[in-house]
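Coordinates as given in entry-v3.txt (compact mmCIF, C-alpha atoms):
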```txt
# COMPACT_ATOMS: atom_id res chain seq x y z
CA MET A 1 -2.15 12.78 -55.15
CA ASN A 2 -1.94 15.25 -58.00
CA ARG A 3 1.53 16.74 -57.69
CA THR A 4 1.05 19.90 -59.77
CA PHE A 5 -1.28 22.88 -59.98
CA ARG A 6 -2.90 23.63 -63.35
CA LEU A 7 -3.18 27.35 -64.03
CA THR A 8 -5.52 28.14 -66.91
CA SER A 9 -5.56 31.06 -69.34
CA LEU A 10 -8.66 32.29 -67.49
CA PHE A 11 -6.57 32.66 -64.34
CA PHE A 12 -3.90 34.68 -66.14
CA ARG A 13 -6.55 36.77 -67.91
CA ARG A 14 -7.93 37.73 -64.50
CA LEU A 15 -4.45 38.77 -63.36
CA HIS A 16 -3.92 40.77 -66.56
CA GLU A 17 -7.14 42.67 -65.84
CA LEU A 18 -5.59 43.64 -62.51
CA GLY A 19 -2.47 44.99 -64.24
CA LEU A 20 -0.35 41.87 -63.68
CA PRO A 21 0.79 40.46 -67.04
CA ARG A 22 1.93 36.87 -67.18
CA GLU A 23 5.40 37.69 -68.56
CA LEU A 24 6.17 40.05 -65.68
CA LEU A 25 5.02 37.56 -63.06
CA PHE A 26 6.98 34.68 -64.57
CA ALA A 27 10.14 36.77 -64.65
CA ARG A 28 9.77 37.87 -61.02
CA ALA A 29 8.89 34.36 -59.89
CA GLY A 30 11.85 32.86 -61.76
CA LEU A 31 9.62 30.41 -63.64
CA PRO A 32 10.93 28.74 -66.81
CA THR A 33 10.11 30.76 -69.92
CA GLU A 34 8.94 27.62 -71.73
CA LEU A 35 5.90 27.59 -69.42
CA LEU A 36 4.68 30.84 -70.98
CA GLY A 37 3.27 29.08 -74.03
CA GLN A 38 1.48 26.33 -72.11
CA ASP A 39 -2.25 26.22 -71.41
CA PRO A 40 -2.85 25.14 -68.80
CA VAL A 41 0.44 25.81 -67.02
CA ALA A 42 1.49 23.00 -64.68
CA VAL A 43 3.55 24.18 -61.69
CA THR A 44 4.87 22.57 -58.55
CA THR A 45 3.92 23.76 -55.07
CA GLN A 46 7.20 25.66 -54.81
CA GLN A 47 6.64 27.33 -58.18
CA LEU A 48 3.09 28.22 -57.19
CA PHE A 49 4.35 29.87 -54.00
CA GLU A 50 6.94 31.85 -55.97
CA LEU A 51 4.24 32.98 -58.41
CA TRP A 52 2.00 34.23 -55.62
CA ARG A 53 4.92 36.03 -54.01
CA ALA A 54 5.53 37.71 -57.35
CA ILE A 55 1.87 38.72 -57.49
CA GLY A 56 2.10 40.28 -54.05
CA ASP A 57 5.39 42.03 -54.86
CA SER A 58 4.14 43.33 -58.23
CA SER A 59 0.97 44.95 -56.93
CA ASP A 60 0.72 48.11 -54.87
CA ASN A 61 -2.75 47.02 -53.72
CA PRO A 62 -2.53 45.48 -50.22
CA ALA A 63 -5.91 43.80 -50.82
CA ILE A 64 -4.85 42.13 -54.08
CA GLY A 65 -5.27 38.61 -52.67
CA LEU A 66 -8.71 39.38 -51.24
CA GLU A 67 -9.74 40.93 -54.55
CA ILE A 68 -8.61 37.90 -56.57
CA GLY A 69 -10.40 35.53 -54.19
CA THR A 70 -13.62 37.54 -54.32
CA GLU A 71 -14.74 36.37 -57.74
CA GLN A 72 -18.36 37.26 -58.48
CA ARG A 73 -18.59 36.11 -62.10
CA ILE A 74 -19.93 32.58 -61.91
CA GLU A 75 -18.71 31.76 -65.42
CA ARG A 76 -15.21 31.92 -63.95
CA TYR A 77 -15.95 29.32 -61.27
CA ASP A 78 -14.41 25.90 -61.75
CA PRO A 79 -16.54 22.76 -61.14
CA VAL A 80 -15.28 22.43 -57.55
CA ALA A 81 -16.37 25.97 -56.65
CA MET A 82 -19.71 25.46 -58.41
CA THR A 83 -20.51 22.36 -56.35
CA GLY A 84 -19.91 24.50 -53.27
CA LEU A 85 -22.14 27.30 -54.53
CA TYR A 86 -24.97 24.91 -55.41
CA ALA A 87 -24.80 23.07 -52.07
CA ARG A 88 -27.73 22.93 -49.65
CA PHE A 89 -26.09 24.88 -46.83
CA PHE A 90 -22.73 26.32 -45.80
CA GLY A 91 -21.47 23.19 -44.04
CA ASP A 92 -22.42 21.12 -47.09
CA ALA A 93 -20.51 23.56 -49.28
CA LEU A 94 -17.37 23.27 -47.14
CA THR A 95 -17.59 19.47 -47.23
CA ARG A 96 -17.89 19.46 -51.03
CA LEU A 97 -14.97 21.88 -51.43
CA ALA A 98 -12.80 19.67 -49.22
CA ARG A 99 -13.94 16.47 -50.95
CA TYR A 100 -13.34 17.53 -54.53
CA LYS A 101 -10.35 19.82 -54.10
CA GLN A 102 -8.05 16.82 -53.85
CA LEU A 103 -8.89 15.96 -57.46
CA THR A 104 -7.33 19.11 -58.87
CA CYS A 105 -4.06 19.80 -57.05
CA PRO A 106 -1.87 19.05 -54.01
CA GLU A 107 -3.91 21.36 -51.79
CA GLU A 108 -6.20 20.43 -48.92
CA VAL A 109 -9.24 22.14 -47.45
CA GLN A 110 -9.23 21.07 -43.81
CA ILE A 111 -12.42 21.32 -41.72
CA VAL A 112 -11.92 20.69 -38.01
CA PRO A 113 -14.78 20.82 -35.45
CA ASP A 114 -13.75 22.53 -32.21
CA GLY A 115 -16.56 22.67 -29.67
CA ASP A 116 -19.03 25.33 -30.79
CA ALA A 117 -16.65 26.43 -33.55
CA CYS A 118 -15.43 25.08 -36.88
CA ILE A 119 -11.86 25.71 -38.06
CA VAL A 120 -11.17 25.97 -41.79
CA GLN A 121 -7.55 25.77 -42.93
CA PHE A 122 -5.67 25.10 -46.14
CA GLY A 123 -2.88 22.55 -46.29
CA TRP A 124 -0.05 22.09 -48.77
CA PRO A 125 1.22 18.49 -48.42
CA LEU A 126 4.21 19.00 -50.73
CA ALA A 127 5.31 22.37 -49.35
CA THR A 128 8.79 22.84 -47.91
CA GLN A 129 8.18 26.39 -46.73
CA ALA A 130 5.36 28.57 -45.47
CA GLU A 131 2.71 29.67 -47.96
CA PRO A 132 2.82 33.32 -49.14
CA PRO A 133 0.43 35.67 -47.31
CA VAL A 134 -1.26 36.74 -50.56
CA LEU A 135 -2.18 33.10 -51.28
CA VAL A 136 -3.70 32.77 -47.81
CA ASP A 137 -5.80 35.87 -48.57
CA VAL A 138 -7.00 34.34 -51.84
CA CYS A 139 -7.99 31.04 -50.23
CA PHE A 140 -9.84 32.64 -47.34
CA ALA A 141 -11.64 35.10 -49.62
CA TRP A 142 -12.62 32.19 -51.91
CA VAL A 143 -14.32 30.33 -49.04
CA LEU A 144 -16.03 33.43 -47.69
CA THR A 145 -17.23 34.56 -51.12
CA ILE A 146 -18.94 31.22 -51.73
CA GLY A 147 -20.44 31.39 -48.24
CA ARG A 148 -21.71 34.95 -48.61
CA ARG A 149 -23.02 34.45 -52.11
CA GLY A 150 -24.69 31.17 -51.17
CA THR A 151 -26.39 32.48 -48.05
CA ALA A 152 -27.08 35.95 -49.56
CA THR A 153 -25.88 37.41 -46.25
CA SER A 154 -22.80 39.17 -44.95
CA LEU A 155 -21.59 35.89 -43.44
CA SER A 156 -18.51 36.47 -41.31
CA PRO A 157 -16.22 34.20 -39.27
CA ARG A 158 -15.94 34.39 -35.51
CA ARG A 159 -12.32 35.41 -36.04
CA VAL A 160 -9.48 35.11 -38.53
CA GLU A 161 -5.95 34.07 -37.61
CA LEU A 162 -3.04 35.06 -39.85
CA ARG A 163 0.57 34.03 -39.37
CA HIS A 164 1.99 37.06 -41.14
CA GLN A 165 2.15 40.46 -39.55
CA THR A 166 0.34 43.29 -41.29
CA THR A 167 0.00 47.05 -41.17
CA HIS A 168 -3.44 46.69 -42.76
CA ARG A 169 -5.42 45.10 -39.94
CA GLU A 170 -8.34 47.50 -40.48
CA MET A 171 -8.53 46.43 -44.13
CA TYR A 172 -8.73 42.77 -43.15
CA GLU A 173 -11.29 43.38 -40.41
CA ALA A 174 -13.46 45.43 -42.78
CA TYR A 175 -13.39 42.59 -45.31
CA PHE A 176 -13.96 39.67 -42.94
CA GLN A 177 -16.17 41.71 -40.57
CA CYS A 178 -14.60 40.16 -37.50
CA ALA A 179 -11.49 40.34 -35.35
CA VAL A 180 -8.28 39.48 -37.20
CA HIS A 181 -5.33 38.17 -35.19
CA ALA A 182 -2.06 38.79 -37.04
CA GLY A 183 1.17 37.09 -36.02
CA ALA A 184 -0.80 34.00 -34.97
CA SER A 185 0.56 30.45 -34.90
CA ARG A 186 -1.59 29.38 -37.86
CA ASN A 187 -3.66 30.60 -40.79
CA ALA A 188 -7.28 29.81 -40.01
CA LEU A 189 -10.88 30.87 -40.49
CA ILE A 190 -12.93 30.13 -37.37
CA PHE A 191 -16.70 29.99 -37.85
CA ASP A 192 -19.45 29.45 -35.30
CA THR A 193 -20.86 25.96 -35.72
CA VAL A 194 -24.37 27.40 -36.14
CA ASP A 195 -23.16 29.12 -39.32
CA LEU A 196 -22.67 25.73 -40.95
CA ASP A 197 -26.45 25.25 -41.02
CA ARG A 198 -27.14 28.44 -42.94
CA PRO A 199 -29.14 27.48 -46.07
CA PHE A 200 -27.93 28.46 -49.53
CA VAL A 201 -30.31 30.42 -51.71
CA THR A 202 -28.14 29.29 -54.63
CA HIS A 203 -28.87 25.62 -53.93
CA ASN A 204 -29.51 23.95 -57.27
CA PRO A 205 -30.12 20.19 -57.02
CA GLU A 206 -30.47 19.82 -60.79
CA LEU A 207 -27.05 21.26 -61.52
CA LEU A 208 -25.54 19.29 -58.63
CA ARG A 209 -26.91 16.12 -60.20
CA LEU A 210 -25.10 17.08 -63.38
CA LEU A 211 -21.79 17.96 -61.71
CA THR A 212 -21.32 15.52 -58.85
CA PRO A 213 -21.57 12.15 -60.67
CA HIS A 214 -18.63 13.09 -62.86
CA LEU A 215 -16.60 14.39 -59.92
CA ASP A 216 -17.52 11.37 -57.78
CA ALA A 217 -16.46 9.04 -60.59
CA GLU A 218 -13.13 10.85 -60.85
CA LEU A 219 -12.72 10.69 -57.09
CA SER A 220 -13.47 6.98 -57.06
CA GLN A 221 -10.89 6.37 -59.78
CA TYR A 222 -8.42 8.53 -57.89
CA VAL A 223 -8.92 6.56 -54.66
CA ASP A 224 -8.81 3.18 -56.44
CA ALA A 225 -5.63 4.18 -58.26
CA ARG A 226 -3.80 4.93 -55.04
CA SER A 227 -1.30 2.26 -54.18
CA THR A 228 -1.34 0.38 -50.91
CA SER A 229 1.80 2.32 -49.99
CA ASP A 230 -0.04 5.64 -50.43
CA ARG A 231 -2.93 4.45 -48.30
CA VAL A 232 -0.63 3.15 -45.58
CA LYS A 233 1.28 6.42 -45.46
CA ALA A 234 -1.96 8.40 -45.23
CA VAL A 235 -3.15 6.30 -42.29
CA LEU A 236 0.24 6.53 -40.59
CA LYS A 237 0.07 10.32 -40.71
CA GLN A 238 -3.29 10.20 -38.95
CA LEU A 239 -2.09 7.77 -36.29
CA LEU A 240 1.29 9.42 -35.66
CA VAL A 241 0.20 11.63 -32.79
CA GLY A 242 2.28 10.89 -29.75
CA GLN A 243 2.61 7.22 -30.60
CA ARG A 244 4.34 4.84 -32.96
CA PRO A 245 1.65 2.87 -34.81
CA ALA A 246 2.24 -0.78 -35.63
CA MET A 247 1.23 -2.61 -38.78
CA ARG A 248 -1.80 -4.10 -37.00
CA ASP A 249 -3.05 -0.57 -36.26
CA VAL A 250 -2.82 0.44 -39.91
CA ALA A 251 -4.32 -2.87 -41.09
CA ARG A 252 -7.30 -2.30 -38.79
CA ASP A 253 -7.91 1.15 -40.29
CA LEU A 254 -7.67 -0.26 -43.82
CA ALA A 255 -10.01 -3.15 -42.93
CA VAL A 256 -7.53 -5.87 -43.90
CA SER A 257 -5.51 -8.39 -41.93
CA PRO A 258 -1.86 -7.63 -41.08
CA ARG A 259 -0.83 -10.61 -43.22
CA THR A 260 -2.75 -9.29 -46.25
CA LEU A 261 -1.29 -5.83 -45.76
CA GLN A 262 2.23 -7.24 -45.53
CA ARG A 263 1.70 -9.24 -48.72
CA ARG A 264 0.46 -6.18 -50.63
CA LEU A 265 3.41 -4.11 -49.49
CA ASN A 266 5.78 -6.89 -50.50
CA ASP A 267 4.14 -6.92 -53.95
CA GLU A 268 4.90 -3.19 -54.25
CA GLY A 269 8.47 -3.68 -53.09
CA VAL A 270 8.22 -1.49 -50.00
CA SER A 271 8.47 -2.14 -46.29
CA PHE A 272 6.21 -0.91 -43.51
CA GLN A 273 9.23 0.51 -41.70
CA GLN A 274 10.25 2.58 -44.73
CA LEU A 275 6.72 3.99 -45.06
CA LEU A 276 6.77 4.88 -41.37
CA LEU A 277 10.05 6.75 -41.85
CA ASP A 278 8.69 8.52 -44.96
CA ALA A 279 5.54 9.56 -43.10
CA ARG A 280 7.59 10.87 -40.19
CA ARG A 281 9.91 12.79 -42.50
CA GLU A 282 7.03 14.46 -44.37
CA LEU A 283 5.22 15.31 -41.14
CA ALA A 284 8.44 16.61 -39.61
CA ARG A 285 8.79 19.13 -42.42
CA HIS A 286 5.18 20.19 -41.93
CA TYR A 287 5.56 20.61 -38.17
CA LEU A 288 8.79 22.58 -38.47
CA LEU A 289 6.98 25.13 -40.64
CA GLN A 290 4.68 25.89 -37.69
CA PRO A 291 6.54 28.62 -35.74
CA SER A 292 4.64 28.09 -32.48
CA LEU A 293 5.58 24.40 -32.26
CA GLU A 294 8.63 23.65 -30.15
CA LEU A 295 11.12 21.07 -31.42
CA ASN A 296 10.41 18.80 -28.45
CA GLU A 297 6.69 18.99 -29.23
CA ALA A 298 7.36 18.03 -32.85
CA ALA A 299 9.35 15.03 -31.63
CA TYR A 300 6.43 13.94 -29.44
CA LEU A 301 3.88 14.32 -32.26
CA LEU A 302 6.08 12.15 -34.46
CA GLY A 303 6.05 9.35 -31.89
CA TYR A 304 9.60 9.83 -30.56
CA GLY A 305 9.77 9.30 -26.81
CA ASP A 306 13.22 10.89 -26.73
CA PRO A 307 13.71 14.20 -28.62
CA ASN A 308 17.35 13.27 -29.27
CA SER A 309 16.15 10.29 -31.32
CA PHE A 310 14.15 12.68 -33.48
CA PHE A 311 17.11 15.04 -33.86
CA ARG A 312 19.36 12.18 -34.98
CA ALA A 313 16.75 10.85 -37.41
CA PHE A 314 16.14 14.29 -38.88
CA HIS A 315 19.85 14.91 -39.36
CA HIS A 316 20.05 11.59 -41.19
CA TRP A 317 17.15 12.63 -43.49
CA GLU A 318 18.12 16.21 -44.23
CA GLY A 319 21.81 16.46 -43.35
CA THR A 320 21.14 19.21 -40.83
CA SER A 321 19.44 19.76 -37.48
CA PRO A 322 15.70 20.52 -37.16
CA GLY A 323 16.47 24.01 -35.88
CA GLN A 324 18.80 24.83 -38.79
CA TRP A 325 16.32 23.40 -41.31
CA ARG A 326 13.55 25.55 -39.85
CA ALA A 327 15.73 28.67 -40.01
CA VAL A 328 16.44 28.09 -43.71
CA HIS A 329 12.95 27.06 -44.85
CA MET A 330 10.78 29.13 -42.55
CA GLU A 331 10.25 32.30 -44.50
CA ALA A 332 10.38 35.35 -42.25
CA PRO A 333 7.00 37.10 -42.15
CA ARG A 334 6.88 39.91 -44.65
CA ILE A 335 6.14 43.18 -42.93
CA GLU A 336 4.03 45.15 -45.37
CA ALA A 337 5.38 48.41 -44.02
CA SER A 338 8.63 47.58 -45.74
CA ALA A 339 6.95 48.41 -49.04
CA PRO A 340 6.38 52.19 -49.05
CA SER A 341 3.77 52.08 -51.80
CA ARG A 342 1.61 49.70 -49.74
CA ALA A 343 2.03 51.56 -46.50
CA GLU A 344 0.71 54.65 -48.22
CA ALA A 345 -2.28 52.80 -49.71
```
For the structure just supplied, provide its representation as structure tokens.
Amino acid sequence: MNRTFRLTSLFFRRLHELGLPRELLFARAGLPTELLGQDPVAVTTQQLFELWRAIGDSSDNPAIGLEIGTEQRIERYDPVAMTGLYARFFGDALTRLARYKQLTCPEEVQIVPDGDACIVQFGWPLATQAEPPVLVDVCFAWVLTIGRRGTATSLSPRRVELRHQTTHREMYEAYFQCAVHAGASRNALIFDTVDLDRPFVTHNPELLRLLTPHLDAELSQYVDARSTSDRVKAVLKQLLVGQRPAMRDVARDLAVSPRTLQRRLNDEGVSFQQLLLDARRELARHYLLQPSLELNEAAYLLGYGDPNSFFRAFHHWEGTSPGQWRAVHMEAPRIEASAPSRAEA
């Protein structure tokens, strides 16, 4: 997994056009001054979150995130966005965005079928706190802009769910053209499944043939370069839903024998038990950042039959209880009304 985000001069030029100079943002975000001269700028997930908070705090425009995400100039699209725009239909575009996004940064585009609906969410595997609302706006606007431009329609989700509260619900509903549920348990775009079949008028097979071989080659190298430990941990996270997977379960998913898997882990100097603990610890942090999830439910999802076992394990990992960790790392929703200039906008 790429562990940093690469922010190009084009990104900062766009912010400067919106009255947000790089120097001001770096100062407010508390980023090291030595990053100012870099191009591209490599930042961690935490630094990225601080930068987007600074963007939100520095602008008196409550729609700043939506505006940044609604990029119409195709010359500013990166290769990942272009493969989405040139896709055959909306569902194909979402699949390509999710497939290639992992090449660029520790950010995930998650597409989850749900009956006659499709849920689109963004994940931050290395995050230790909730993502800033303005970043959520950017990500959602990015997906919808590609969808609307590709279909040449006013494509809109069935509904939008936002974790943060807002005094600008009408602004959001005017942009997304659907009901927006603020104070929800998750950040999610929910589309009707039939929308996934909408054809793209921007479909360009020639340009896709130019772009995708390079990206597929990079993706293949990325997957091949992942260690057995990384692959095991990824499988464990998928299997850790109310159960404690054994090595044979992981070996089956990786299409190898348990003996072969054990040998490969031994070669890397790691144990299956340690990877299980690491996977649980990382998932525990993720679950605790979901405000609607009870601590007992988190324990169940992590495969602990007894919540007290989870509490003891978590205290051993973090030196504090799950509830105290959540209180420290779970950023309180920012009520936009607290900023007079935005409330008046």
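If all atoms listed in the file are the atoms counted, then among A:Leu239, A:Ile119, A:Leu48, A:Leu66 the closest residue to Cys105 (chain A) is A:Leu48.
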- What is the CA of Pro21 (chain A) to CA of Glu107 (chain A) distance in Å?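 Separation of CA of Pro21 (chain A) and CA of Glu107 (chain A): 24.9 Å.
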- Task: Do a neighbour search on region 132-145 of chain A at 8 Å with all atoms listed in the file, toss out local chain neighbours closer than 4 positions, and write the hits as a list in words.
- Result: Phe49, Trp52, Arg53, Ile55, Gly56, Ile64, Gly65, Leu66, Glu67, Ile68, Gly69, Thr70, Glu71, Gln72, Leu94, Phe122, Arg149, Leu155, Ser156, His164, Asn187 and Leu189 of chain A
- Message: Could you tell me how far CA of Gln290 (chain A) sits from CA of Phe310 (chain A), in Å to one decimal place?
- Response: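 According to the coordinates, CA of Phe310 (chain A) and CA of Gln290 (chain A) are separated by 16.8 Å.
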- Message: From the options A:Gly91, A:Gly147, A:Pro213, A:Gly323, which residue's atoms come nearest to Arg285 (chain A), counting only C-alpha atoms?
- Response: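 Residue with the minimum atom-to-atom distance to Arg285 (chain A): A:Gly323.
The smallest atom-to-atom distance between Leu24 (chain A) and any of A:Val41, A:Gln274, A:Ser58, A:Leu295, using only C-alpha atoms, is found for A:Ser58.
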